[in-house]
Structure formats: structure tokens, C-alpha cells
Amino acid sequence: MKITILCEGKTEKAFKPCLHKFLKSRLEGTMPALQFDKHDGPIPKGDELRRTVDNLLSSGRKPADVVIALTDLYTGSQPPEFANAADAKAKMRAWVGNEPRFHPHVALHDFEAWLLPYWDRIQKLAGRQGNPFGTEPEKINHNKPPAHRLAEFFEAGSCRDSYRKPRDAARILKDVDLMVSIEACPELKKLVNTILKLCGGTKAVIA
């Protein structure tokens with residue numbers, strides 16, 4: 001099975017190795033071919049999303065069997081484009097239409113929420129100690145999303161640099177147990193379970 005994941009390019013660089021390693025450990029013999037369709041900024045919306053999905057499912061030497069869209073809930077627009085995760089998924093589904101091979105997912109409120117469970121590593125890389133931003137990473141909202149908070153945390157540390165997604169997210173996730181973040185972040189669990197169910201059936205999903 002070939003699964004294409006639509007996402008921001010910087011997310012792909014940081015997340016792909018960790019996700020691939022986790023899936024491989026649970027899908028022996030049924031591991032999908034994962035392809036990331038990278039975008040410079042937020043993924044397409046409206047008719048552009050529909051055209052992108054249709055093209056991925058029908059074009060090329062080996063079209064995708066499944067397309068997953070992964071959008072941040074926080075896109076930086078004011079007012080916010082999406083009210084909540086359910087609204088984002090409903091809008092993406094409406095834009096694409098009745099296509100059962102399409103699965104919309106959300107990073108709530110942005111991808112960096114999935115990094116926060118690895119707080120010890122974040123402190124080490126930033127070069128400072130501090131309390132976590134909260135016990136439920138995906139509830140850190142539009143007012144100051146996780147990426148903004150990480151930037152401030154790094155800038156106040158001895159690393160003398162701000163948080164940079166391609167570099168620091170990859171370092172935070174290097175060789176970690178993704179299950180730690182999956183258990184702390186329900187939307188990440190939903191994304192992973194979609195892939196596990198598609199490739200390994202219902203017995204493979206995480207309760």
C-alpha cells in the first residue's frame with residue numbers, strides 16, 4: 001500500500017523518520033510505502049486541495065492508494081481558519097468530496113504540540129530549566145500555540161538561538177518512543193491509528 005501524507009515541508013523533515021520507525025515496529029509484513037507531499041507553508045485548501053488529492057490518487061507511475069491531509073489547526077490567519085479540530089476535518093472533507101481514500105487529520109494546535117511530551121530533551125536542547133507549558137499538549141491554543149512558546153523558551157536559554165523546526169524538532173524526536181506522544185496527544189493517536197487500521201486492520205490500532 002502507498003500512503004501519501006500532505007503536510008508542510010518542515011513537518012515532513014522532522015516527523016517522517018520517527019513516524020516511519022514507529023509504524024515499522026507495529027506493521028511487520030504490512031508496512032506501507034510512505035510518501036510525503038511537502039508544501040511550503042500550510043497545505044492547500046478549497047478546490048486546490050481537491051485537485052491535489054485527485055492528482056495524487058490518479059497520476060504518476062504508481063498513484064497513492066490513500067491520501068492523508070495533515071494540517072495545523074493554527075495557521076497564523078486572523079481570524080482563525082478553523083474553529084476546532086472537528087471543523088478543520090469537516091472542511092477538508094467537504095472540499096475534497098466523497099472520496100473514501102482521503103483521510104483528513106489535524107495537528108492540534110500545531111505540530112509542536114506533539115514535541116512537548118519530550119520535555120526533558122527540550123530543556124537540554126534549549127539550555128534551560130522550566131516548567132512544562134501544561135499537562136495536555138493539544139490544549140495549548142491559538143492565543144500562543146506550542147511553536148511560539150518553544151521559540152520563546154529557546155530564546156531565553158543558553159543555546160543562544162531560537163527554535164528552528166527542521167533542526168530542533170528532528171533533534172527532539174531523534175530515537176524517542178513515539179508512543180509517549182501518542183498517549184499524550186489524542187489527535188496524533190487518531191492519525192497513527194488511521195494508518196495502522198488501513199495497513200494492519202483493527203487489531204493493530206492503539207486503544
# chains A, B, ... in the order shown; residues from 1 in each chain; ligands from 1
$ residues_around --residues "A:Leu34" --least-positions-apart "6" --cutoff "8 Å" --atoms "only C-alpha atoms" --output "VMD selection string"
chain A and resid 2 to 5 20
$ closest_atom_pairs --of "stretch 60-169 of chain A" --to "stretch 49-55 of chain A" --cutoff "8 Å" --atoms "only C-alpha atoms" --output "tab-separated table"
residue	atom	partner	partner_atom	distance
A:Val67	CA	A:Val53	CA	6.7
A:Met92	CA	A:Leu49	CA	7.8
A:Trp95	CA	A:Arg50	CA	6.0
A:Val96	CA	A:Arg50	CA	4.3
A:Gly97	CA	A:Arg50	CA	7.5
A:Phe102	CA	A:Val53	CA	7.6
$ closest_residue --among "A:Leu73, A:Leu125, A:Ala207, A:Leu198" --to "A:Lys91" --atoms "only C-alpha atoms"
A:Leu73
$ closest_residue --among "A:His105, A:Ala69, A:Ala14, A:Leu19" --to "A:Met179" --atoms "only C-alpha atoms"
A:Leu19
$ atom_distance --atom1 "atom CA of A:Gln78" --atom2 "atom CA of A:His142"
9.9 Å
$ residues_around --residues "A:Gly157" --least-positions-apart "5" --cutoff "8 Å" --atoms "only C-alpha atoms" --output "PyMOL selection string"
chain A and resi 126-128
$ closest_atom_pairs --of "stretch 138-171 of chain A" --to "stretch 82-90 of chain A" --cutoff "12 Å" --atoms "only C-alpha atoms" --output "CSV"
residue,atom,partner,partner_atom,distance
A:Glu138,CA,A:Ala85,CA,10.3
A:Lys139,CA,A:Asn84,CA,10.7
A:Asn141,CA,A:Asn84,CA,9.8
A:His142,CA,A:Ala83,CA,9.8
$ atom_distance --atom1 "atom CA of A:Asp47" --atom2 "atom CA of A:Pro100"
17.3 Å
